[in-house]
Amino acid sequence: MDFRDDATEATFRREFRSWLATHLPSDPAPLGGPERARFWRAWHRALYEGGWMGLSWPVEYGGRGLSAMYEAIFNEEIGTAGGPPAPHVGFLGRALLHFGLDDQRRRFLPRLLSGEEVWCQGFSEPGAGSDLAALSTRASLGADHYVVNGQKVWTSDAAWADWCLLLARTDPNASRHEGISALIVDLHQPGVEVRPIVQANGDCEFNEVFFTNAVVPTDQMVGAPGQGWEIAMATVGYERGPVDVGFTSRYARLVGELEDTARAGNVDRARQLDWARAYVQVAVLRAHVMRDLSARTEGNAPGPEGSLTKLLGTRTEQMLHHVAMDLTAPAPLVGTQPDVLAAYLYSRAASIAGGTSEVQRTIVAEHLLHLPRWR
Amino acid sequence: MTSVALTDEQRMLAATTAQMVADHPTVTDAEVERQRGTGELWGAMAANGLVALVIAEQPDDDEPTLNAALVVEQLARGVSAVPYLGTVLSLGLLHAAAPHGEEITEILAGRPGCVVVDRTLSALAPHGIAVDVGPGALAVGAEGGVVRTATLGAHLDGLDLSRPLAHAVGGGTEIGAISSAAGTRWQAQALAWLCADLVGSCTGALEGAVAHARVRRQFGRPIGSFQAVQQLCADQLVTVESCRSITWQAAWAVDALNPAEALLQAQMAKAYCSEAARTVCEAAIQVWGGLGMTWECPAHRYLRRALLDRQLLGDERAQLGAIADERLVTAATKTRVR
């Protein structure tokens, strides 16, 4: 067992740290609109040109073929430097890596990594949230293309995305799970309309996406017809990993910022202990994620253990933002630290997005504790 | 490469210990009584070198603290009434003070050891309360950097049914002085092993409760199929597995990092596991329902053991205070190092 970097990892960390020192954006991310899209594209582009994207991806698709541990180091260093979170290309890319045709991988993966093309994930629908298999967006097969009709919701980044990994029902006569397929949809076409959703914190990350006779060439199906559910489950498996979505970088950054706040002279003892508890929680998450990643580098894709890690990550995020609100009070309440308030409100999404905590606990109960199924 | 996984040998060590515990159960009063009389489990452990491993300086074993932590965890998982924790803790003190003392020979020959703490159970002391007192145990305490033995008095009516407590009075002999670094290392090691005991206690309690939930039927179906029960159990598993991760890190750190760094890791682990273990053991009682309130059900034995571990050498409040002092108060005068 070794929680420390080996010589190669240490060199990598040092190099990335010194790169960050000269390449961090000077301003915080704008809350919405085209400025927000420009900001993220620029940050993504800078990381890519520095050679820091796709560390654990195969070399042939533009990655560096390193172990997942390097993604953890990458996240940690961004967090320690106080940078914007890492772009979350990991989980969508994994779907194409595992299930895509070679042509699809060559066409799409390098530009996903480079940030030239932005992707979104078209899974949830107004009638299909936790019960994702209830989705009703239809893709009907024509001569050499599918015609898509339906609506997606909570689609992060769709307002500036170029492509959507879409789950749609291709066989209405098959069973709920078996009638679903995964399609790569070009969002720049007349049959697609994106409407941003203003979130509780004023941000506009989520969107509604409407498909009206949108066209998808048949060679843009990922996997086989009816394989969509399997692909979706593999994708969300990666989406649940705090490293894969770049969240560990946010936590490391926040607990460091709060350390400075907690050290100020006017902070009472109870608040200092709250900070210490958050500091411990982040250390626990880090140790657990490293254990998780070690199991994965031994050749395992994320399984139900990913749900356990997501629950731990959610606890960590929500606890951190409670401490942030309390330590900085009353500033976020009187308008002087709106970023702290916005981040706190956003933390409530942690137990909803990517599968609610209730869904994760059901997975843990059935697949790790082997309790009987409830339905 | 960074790797947080047990070696095959470590998995084997845990499995061997688990098998010994299964062969010599000490869950019921009768089993505890019998084991104290025969000493079979203790004998099996000594014969397998499980005590000696904490001070063995084998070139192929650079993780003695982690290895002993795996043994401690499996013992706690079976609420084993065998004085392993007290023995390895006292052995560590003796070894730091006088590596060739005759007391070490006695302990390696099978005599149990126990440690002496003050009346709040939160710090080593020359006299006060001896913890995990096995038959004929040698009591070891310390004061001002000097390790001493103590004389054992009457047993206390302690809450933990698997590890007896006794009064420890002065009048022992001086073993020798330990350096500040060795003292810090011992503290880190002790906290890491207490965490391993907490992890084992939680694991045993949760496994028992989940096994019950699989078979206990109400409303015509197993209670473990109800979402309310599933959600409660799943949350406990998140807690237990994260306790295990931070405990491994703390145990690893004792042998890999300098004592001050290892102590911070151990304090973090003890803060987390102390708070978590009570929650998990109480949830286990809830899942067991009415049975969980009975003497017969092992749930209370796990809870009792966890409550003692939680208090020993400082509960979560004490550890968080130490971390806050180290990071916020002491460090305030230094430059920020992260």
# chains A, B, ... in the order shown; residues from 1 in each chain; ligands from 1
>>> residues_around(residues="Thr328 in chain A", least_positions_apart="3", cutoff="10 Å", atoms="only C-alpha atoms", output="number ranges by chain")
A: 258, 261-262, 267, 323-325, 331-333, 336-337, 340-341
>>> write_last_selection(atoms="N, CA and C atoms", output="compact mmCIF listing (two decimals), in the first residue's frame")
# COMPACT_ATOMS: atom_id res chain seq x y z
N LEU A 258 -11.53 27.77 2.84
CA LEU A 258 -12.19 27.89 4.14
C LEU A 258 -11.18 27.85 5.28
N THR A 261 -10.28 31.29 5.93
CA THR A 261 -11.37 31.98 6.62
C THR A 261 -11.42 31.58 8.09
N ALA A 262 -11.28 30.26 8.34
CA ALA A 262 -11.39 29.76 9.71
C ALA A 262 -10.23 30.22 10.58
N VAL A 267 -13.12 34.12 14.35
CA VAL A 267 -13.90 32.89 14.19
C VAL A 267 -13.94 32.14 15.52
N VAL A 323 -20.59 24.40 5.82
CA VAL A 323 -19.51 25.06 6.56
C VAL A 323 -19.15 26.38 5.88
N ALA A 324 -19.14 26.39 4.55
CA ALA A 324 -18.81 27.62 3.82
C ALA A 324 -19.81 28.73 4.13
N MET A 325 -21.09 28.37 4.13
CA MET A 325 -22.12 29.37 4.43
C MET A 325 -21.97 29.90 5.85
N ALA A 331 -22.01 37.37 5.07
CA ALA A 331 -21.74 37.90 3.73
C ALA A 331 -22.66 37.32 2.64
N PRO A 332 -22.87 35.99 2.56
CA PRO A 332 -23.71 35.48 1.46
C PRO A 332 -25.18 35.86 1.62
N LEU A 333 -25.56 36.27 2.84
CA LEU A 333 -26.96 36.64 3.07
C LEU A 333 -27.23 38.09 2.73
N THR A 336 -22.76 40.26 -0.27
CA THR A 336 -21.35 40.57 -0.51
C THR A 336 -20.54 39.36 -0.97
N GLN A 337 -21.06 38.13 -0.75
CA GLN A 337 -20.37 36.95 -1.30
C GLN A 337 -21.36 36.07 -2.05
N VAL A 340 -20.50 32.34 -2.81
CA VAL A 340 -20.65 31.33 -1.75
C VAL A 340 -22.09 30.82 -1.73
N LEU A 341 -23.04 31.74 -1.86
CA LEU A 341 -24.46 31.36 -1.89
C LEU A 341 -24.76 30.51 -3.11
>>> select_by_dssp(residues="range 56-222 of chain B", states="helix (DSSP H, G or I)", output="PyMOL selection string")
chain B and resi 64-77+84-97+102-108+180-215
>>> closest_atom_pairs(of="chain A", to="chain B", cutoff="7 Å", atoms="only C-alpha atoms", output="Markdown table")
| residue | atom | partner | partner_atom | distance |
| --- | --- | --- | --- | --- |
| A:Met1 | CA | B:Val4 | CA | 5.1 |
| A:Asp2 | CA | B:Thr2 | CA | 5.3 |
| A:Phe3 | CA | B:Thr2 | CA | 5.5 |
| A:Arg4 | CA | B:Thr2 | CA | 5.7 |
| A:Asp5 | CA | B:Thr2 | CA | 5.5 |
| A:Asp6 | CA | B:Met1 | CA | 5.2 |
| A:Ala262 | CA | B:Leu328 | CA | 7.0 |
| A:Arg263 | CA | B:Leu328 | CA | 5.0 |
| A:Gln272 | CA | B:Ala324 | CA | 6.2 |
| A:Leu273 | CA | B:Leu320 | CA | 5.9 |
| A:Ala276 | CA | B:Ala324 | CA | 5.6 |
| A:Arg277 | CA | B:Leu320 | CA | 6.6 |
| A:Val280 | CA | B:Met268 | CA | 5.5 |
| A:Val284 | CA | B:Ile246 | CA | 5.4 |
| A:Ala287 | CA | B:Ser245 | CA | 5.7 |
| A:His288 | CA | B:Ser245 | CA | 5.1 |
| A:Met290 | CA | B:Val4 | CA | 6.3 |
| A:Arg291 | CA | B:Val4 | CA | 4.7 |
| A:Ser294 | CA | B:Ser3 | CA | 5.5 |
| A:Leu308 | CA | B:Val238 | CA | 5.7 |
| A:Leu312 | CA | B:Val238 | CA | 6.5 |
| A:Arg361 | CA | B:Ala234 | CA | 5.3 |
| A:Thr362 | CA | B:Gln231 | CA | 6.5 |
| A:Val364 | CA | B:Ala234 | CA | 5.6 |
| A:Ala365 | CA | B:Ala234 | CA | 5.2 |
| A:Leu371 | CA | B:Gly224 | CA | 5.5 |
| A:Pro372 | CA | B:Ser225 | CA | 4.8 |
| A:Arg373 | CA | B:Ser225 | CA | 5.4 |
| A:Trp374 | CA | B:Ser225 | CA | 4.5 |
>>> residues_around(residues="range 277-282 of chain B", least_positions_apart="4", cutoff="6 Å", atoms="only C-alpha atoms", output="PyMOL selection string")
chain B and resi 202+205+236+273+303
>>> residues_around(residues="Lys310 in chain A", least_positions_apart="2", cutoff="10 Å", atoms="only C-alpha atoms", output="list of chain:residue names")
A:Gly237, A:Glu239, A:Arg240, A:Gly241, A:Pro242, A:Leu285, A:Val289, A:Glu305, A:Gly306, A:Ser307, A:Leu308, A:Leu312, A:Gly313, A:Thr314, A:Arg315, A:Thr316, A:Ala350, A:Ser351, A:Gly354, A:Gly355, A:Thr356, A:Ser357, A:Gln360, A:Arg361, B:Val238
>>> residues_around(residues="Leu92 in chain A", least_positions_apart="6", cutoff="10 Å", atoms="only C-alpha atoms", output="list in words")
Leu109, Leu112, Trp119, Cys120, Gln121, Cys164, Leu165, Ala232, Ala234, Thr235, Val236, Tyr238, Glu239, Asp244 and Val245 of chain A
>>> residues_around(residues="range 44-54 of chain B", least_positions_apart="5", cutoff="10 Å", atoms="only C-alpha atoms", output="number ranges by chain")
B: 13, 16-17, 20-21, 24, 39, 61, 63-69, 71, 82, 84-85, 87-89, 91-92, 95, 104, 107-112
>>> write_last_selection(atoms="C-alpha atoms", output="PDB file, in the first residue's frame")
ATOM      1  CA  LEU B  13      -3.679 -12.509   7.263  1.00  0.00           C
ATOM      2  CA  THR B  16      -6.694 -16.431   8.743  1.00  0.00           C
ATOM      3  CA  THR B  17      -7.657 -14.222  11.680  1.00  0.00           C
ATOM      4  CA  MET B  20      -9.587 -18.260  14.045  1.00  0.00           C
ATOM      5  CA  VAL B  21     -12.366 -16.017  15.332  1.00  0.00           C
ATOM      6  CA  HIS B  24     -13.414 -19.770  18.669  1.00  0.00           C
ATOM      7  CA  GLY B  39      -7.367 -19.309  26.311  1.00  0.00           C
ATOM      8  CA  ASP B  61       7.322  -6.555   6.132  1.00  0.00           C
ATOM      9  CA  GLU B  63       3.721  -2.396   7.181  1.00  0.00           C
ATOM     10  CA  PRO B  64       3.487  -3.902  10.687  1.00  0.00           C
ATOM     11  CA  THR B  65       0.959  -1.288  11.852  1.00  0.00           C
ATOM     12  CA  LEU B  66      -1.368  -1.981   8.932  1.00  0.00           C
ATOM     13  CA  ASN B  67      -0.970  -5.729   9.384  1.00  0.00           C
ATOM     14  CA  ALA B  68      -1.871  -5.542  13.065  1.00  0.00           C
ATOM     15  CA  ALA B  69      -4.778  -3.244  12.154  1.00  0.00           C
ATOM     16  CA  VAL B  71      -5.954  -8.460  12.814  1.00  0.00           C
ATOM     17  CA  VAL B  82      -9.109 -11.793  23.550  1.00  0.00           C
ATOM     18  CA  TYR B  84      -4.879  -8.480  21.541  1.00  0.00           C
ATOM     19  CA  LEU B  85      -5.292  -4.705  21.378  1.00  0.00           C
ATOM     20  CA  THR B  87      -1.159  -6.493  24.322  1.00  0.00           C
ATOM     21  CA  VAL B  88       0.076  -4.885  21.118  1.00  0.00           C
ATOM     22  CA  LEU B  89      -0.391  -1.395  22.557  1.00  0.00           C
ATOM     23  CA  LEU B  91       4.228  -4.100  23.570  1.00  0.00           C
ATOM     24  CA  GLY B  92       4.714  -0.985  21.440  1.00  0.00           C
ATOM     25  CA  HIS B  95       9.640  -1.816  22.730  1.00  0.00           C
ATOM     26  CA  ILE B 104       9.013  -8.086  25.981  1.00  0.00           C
ATOM     27  CA  ILE B 107       4.749 -10.929  26.275  1.00  0.00           C
ATOM     28  CA  LEU B 108       6.153 -12.718  23.248  1.00  0.00           C
ATOM     29  CA  ALA B 109       5.916 -15.909  25.314  1.00  0.00           C
ATOM     30  CA  GLY B 110       2.141 -15.393  25.617  1.00  0.00           C
ATOM     31  CA  ARG B 111       1.569 -13.117  28.627  1.00  0.00           C
ATOM     32  CA  PRO B 112      -1.124 -10.528  27.801  1.00  0.00           C
TER      33      PRO B 112
END
>>> residues_around(residues="range 125-138 of chain B", least_positions_apart="6", cutoff="6 Å", atoms="only C-alpha atoms", output="list in words")
Pro83, Gly86, Pro112, Gly113, Cys114, Val115, Val116, Val117, Asp118, Arg119, Arg163, Pro164, Leu165, Ala166, His167, Ala168, Val169 and Gly170 of chain B
>>> atom_distance(atom1="CA of Thr309 in chain A", atom2="CA of Leu293 in chain A")
10.6 Å
>>> closest_residue(among="B:Leu156, B:Leu121, B:Leu161, B:Leu94", to="Val140 in chain B", atoms="only C-alpha atoms")
B:Leu94
>>> closest_residue(among="B:Val72, B:Ala14, B:Ala56, B:Pro25", to="Leu194 in chain B", atoms="only C-alpha atoms")
B:Val72
>>> select_by_dssp(residues="range 11-223 of chain A", states="strand (DSSP E or B)", output="JSON, numbers by chain")
{"A": [119, 120, 121, 122, 125, 128, 138, 139, 140, 141, 145, 146, 147, 148, 149, 150, 151, 152, 153, 163, 164, 165, 166, 167, 168, 169, 180, 181, 182, 183, 184, 185, 186, 192, 193, 194, 195, 196, 207, 208, 209, 210, 211, 212, 213, 214, 215, 216, 217, 221, 222]}
>>> atom_distance(atom1="CA of Ser181 in chain A", atom2="CA of Gly226 in chain A")
4.8 Å
>>> atom_distance(atom1="CA of Ser80 in chain B", atom2="CA of Thr26 in chain B")
5.4 Å
>>> closest_residue(among="B:Gly101, B:Gly153, B:Gly78, B:Gly171", to="Asp197 in chain B", atoms="only C-alpha atoms")
B:Gly78
>>> decode(residues="range 168-203 of chain A", atoms="N, CA and C atoms", output="PDB file, in the first residue's frame")
ATOM      1  N   ALA A 168     -32.991   7.021 -26.693  1.00  0.00           N
ATOM      2  CA  ALA A 168     -34.320   7.103 -27.299  1.00  0.00           C
ATOM      3  C   ALA A 168     -34.873   5.697 -27.481  1.00  0.00           C
ATOM      4  N   ARG A 169     -36.210   5.633 -27.539  1.00  0.00           N
ATOM      5  CA  ARG A 169     -36.875   4.340 -27.716  1.00  0.00           C
ATOM      6  C   ARG A 169     -36.910   4.026 -29.207  1.00  0.00           C
ATOM      7  N   THR A 170     -36.227   2.965 -29.603  1.00  0.00           N
ATOM      8  CA  THR A 170     -36.222   2.588 -31.018  1.00  0.00           C
ATOM      9  C   THR A 170     -37.159   1.418 -31.276  1.00  0.00           C
ATOM     10  N   ASP A 171     -37.540   0.708 -30.223  1.00  0.00           N
ATOM     11  CA  ASP A 171     -38.461  -0.418 -30.414  1.00  0.00           C
ATOM     12  C   ASP A 171     -39.583  -0.338 -29.388  1.00  0.00           C
ATOM     13  N   PRO A 172     -40.706   0.275 -29.774  1.00  0.00           N
ATOM     14  CA  PRO A 172     -41.800   0.476 -28.810  1.00  0.00           C
ATOM     15  C   PRO A 172     -42.438  -0.836 -28.373  1.00  0.00           C
ATOM     16  N   ASN A 173     -42.166  -1.917 -29.099  1.00  0.00           N
ATOM     17  CA  ASN A 173     -42.784  -3.192 -28.738  1.00  0.00           C
ATOM     18  C   ASN A 173     -41.924  -4.028 -27.787  1.00  0.00           C
ATOM     19  N   ALA A 174     -40.656  -3.655 -27.674  1.00  0.00           N
ATOM     20  CA  ALA A 174     -39.770  -4.412 -26.775  1.00  0.00           C
ATOM     21  C   ALA A 174     -40.051  -4.012 -25.331  1.00  0.00           C
ATOM     22  N   SER A 175     -39.469  -4.736 -24.380  1.00  0.00           N
ATOM     23  CA  SER A 175     -39.654  -4.396 -22.969  1.00  0.00           C
ATOM     24  C   SER A 175     -39.008  -3.036 -22.697  1.00  0.00           C
ATOM     25  N   ARG A 176     -39.385  -2.453 -21.552  1.00  0.00           N
ATOM     26  CA  ARG A 176     -38.929  -1.102 -21.198  1.00  0.00           C
ATOM     27  C   ARG A 176     -37.434  -0.909 -21.433  1.00  0.00           C
ATOM     28  N   HIS A 177     -36.636  -1.827 -20.911  1.00  0.00           N
ATOM     29  CA  HIS A 177     -35.188  -1.641 -20.978  1.00  0.00           C
ATOM     30  C   HIS A 177     -34.619  -2.014 -22.325  1.00  0.00           C
ATOM     31  N   GLU A 178     -35.225  -2.984 -22.974  1.00  0.00           N
ATOM     32  CA  GLU A 178     -34.630  -3.503 -24.203  1.00  0.00           C
ATOM     33  C   GLU A 178     -34.981  -2.688 -25.434  1.00  0.00           C
ATOM     34  N   GLY A 179     -35.953  -1.781 -25.323  1.00  0.00           N
ATOM     35  CA  GLY A 179     -36.344  -1.000 -26.495  1.00  0.00           C
ATOM     36  C   GLY A 179     -35.559   0.285 -26.663  1.00  0.00           C
ATOM     37  N   ILE A 180     -34.542   0.498 -25.813  1.00  0.00           N
ATOM     38  CA  ILE A 180     -33.830   1.784 -25.790  1.00  0.00           C
ATOM     39  C   ILE A 180     -32.492   1.666 -26.523  1.00  0.00           C
ATOM     40  N   SER A 181     -32.159   2.691 -27.315  1.00  0.00           N
ATOM     41  CA  SER A 181     -30.865   2.721 -28.000  1.00  0.00           C
ATOM     42  C   SER A 181     -30.176   4.047 -27.723  1.00  0.00           C
ATOM     43  N   ALA A 182     -28.868   4.079 -27.983  1.00  0.00           N
ATOM     44  CA  ALA A 182     -28.080   5.305 -27.771  1.00  0.00           C
ATOM     45  C   ALA A 182     -27.659   5.868 -29.121  1.00  0.00           C
ATOM     46  N   LEU A 183     -27.935   7.169 -29.322  1.00  0.00           N
ATOM     47  CA  LEU A 183     -27.642   7.820 -30.603  1.00  0.00           C
ATOM     48  C   LEU A 183     -26.785   9.058 -30.381  1.00  0.00           C
ATOM     49  N   ILE A 184     -25.937   9.344 -31.365  1.00  0.00           N
ATOM     50  CA  ILE A 184     -25.153  10.585 -31.348  1.00  0.00           C
ATOM     51  C   ILE A 184     -25.892  11.599 -32.220  1.00  0.00           C
ATOM     52  N   VAL A 185     -26.435  12.651 -31.592  1.00  0.00           N
ATOM     53  CA  VAL A 185     -27.281  13.596 -32.318  1.00  0.00           C
ATOM     54  C   VAL A 185     -26.549  14.918 -32.516  1.00  0.00           C
ATOM     55  N   ASP A 186     -26.542  15.385 -33.756  1.00  0.00           N
ATOM     56  CA  ASP A 186     -26.006  16.709 -34.083  1.00  0.00           C
ATOM     57  C   ASP A 186     -27.015  17.751 -33.607  1.00  0.00           C
ATOM     58  N   LEU A 187     -26.598  18.616 -32.689  1.00  0.00           N
ATOM     59  CA  LEU A 187     -27.546  19.601 -32.143  1.00  0.00           C
ATOM     60  C   LEU A 187     -27.716  20.803 -33.063  1.00  0.00           C
ATOM     61  N   HIS A 188     -26.846  20.939 -34.056  1.00  0.00           N
ATOM     62  CA  HIS A 188     -26.969  22.073 -34.986  1.00  0.00           C
ATOM     63  C   HIS A 188     -27.819  21.671 -36.185  1.00  0.00           C
ATOM     64  N   GLN A 189     -29.118  21.492 -35.956  1.00  0.00           N
ATOM     65  CA  GLN A 189     -30.040  21.162 -37.044  1.00  0.00           C
ATOM     66  C   GLN A 189     -31.409  21.717 -36.699  1.00  0.00           C
ATOM     67  N   PRO A 190     -32.245  21.929 -37.700  1.00  0.00           N
ATOM     68  CA  PRO A 190     -33.521  22.612 -37.469  1.00  0.00           C
ATOM     69  C   PRO A 190     -34.454  21.879 -36.501  1.00  0.00           C
ATOM     70  N   GLY A 191     -34.338  20.568 -36.398  1.00  0.00           N
ATOM     71  CA  GLY A 191     -35.253  19.811 -35.536  1.00  0.00           C
ATOM     72  C   GLY A 191     -34.898  19.852 -34.062  1.00  0.00           C
ATOM     73  N   VAL A 192     -33.909  20.666 -33.670  1.00  0.00           N
ATOM     74  CA  VAL A 192     -33.477  20.713 -32.270  1.00  0.00           C
ATOM     75  C   VAL A 192     -33.664  22.116 -31.718  1.00  0.00           C
ATOM     76  N   GLU A 193     -34.343  22.208 -30.582  1.00  0.00           N
ATOM     77  CA  GLU A 193     -34.472  23.510 -29.916  1.00  0.00           C
ATOM     78  C   GLU A 193     -34.032  23.377 -28.459  1.00  0.00           C
ATOM     79  N   VAL A 194     -33.149  24.273 -28.013  1.00  0.00           N
ATOM     80  CA  VAL A 194     -32.630  24.231 -26.646  1.00  0.00           C
ATOM     81  C   VAL A 194     -33.132  25.445 -25.879  1.00  0.00           C
ATOM     82  N   ARG A 195     -33.738  25.203 -24.723  1.00  0.00           N
ATOM     83  CA  ARG A 195     -34.197  26.316 -23.865  1.00  0.00           C
ATOM     84  C   ARG A 195     -33.498  26.220 -22.515  1.00  0.00           C
ATOM     85  N   PRO A 196     -32.672  27.215 -22.196  1.00  0.00           N
ATOM     86  CA  PRO A 196     -31.975  27.195 -20.894  1.00  0.00           C
ATOM     87  C   PRO A 196     -32.960  27.284 -19.729  1.00  0.00           C
ATOM     88  N   ILE A 197     -32.598  26.638 -18.622  1.00  0.00           N
ATOM     89  CA  ILE A 197     -33.392  26.697 -17.390  1.00  0.00           C
ATOM     90  C   ILE A 197     -32.605  27.551 -16.393  1.00  0.00           C
ATOM     91  N   VAL A 198     -33.249  28.573 -15.867  1.00  0.00           N
ATOM     92  CA  VAL A 198     -32.577  29.374 -14.841  1.00  0.00           C
ATOM     93  C   VAL A 198     -32.680  28.615 -13.521  1.00  0.00           C
ATOM     94  N   GLN A 199     -31.540  28.301 -12.943  1.00  0.00           N
ATOM     95  CA  GLN A 199     -31.532  27.499 -11.724  1.00  0.00           C
ATOM     96  C   GLN A 199     -31.713  28.364 -10.487  1.00  0.00           C
ATOM     97  N   ALA A 200     -31.906  27.685  -9.353  1.00  0.00           N
ATOM     98  CA  ALA A 200     -32.151  28.378  -8.085  1.00  0.00           C
ATOM     99  C   ALA A 200     -31.020  29.336  -7.732  1.00  0.00           C
ATOM    100  N   ASN A 201     -29.823  29.068  -8.230  1.00  0.00           N
ATOM    101  CA  ASN A 201     -28.689  29.942  -7.898  1.00  0.00           C
ATOM    102  C   ASN A 201     -28.435  30.987  -8.987  1.00  0.00           C
ATOM    103  N   GLY A 202     -29.328  31.078  -9.976  1.00  0.00           N
ATOM    104  CA  GLY A 202     -29.177  32.074 -11.027  1.00  0.00           C
ATOM    105  C   GLY A 202     -28.358  31.587 -12.206  1.00  0.00           C
ATOM    106  N   ASP A 203     -27.723  30.439 -12.044  1.00  0.00           N
ATOM    107  CA  ASP A 203     -26.881  29.867 -13.083  1.00  0.00           C
ATOM    108  C   ASP A 203     -27.757  29.248 -14.190  1.00  0.00           C
TER     109      ASP A 203
END
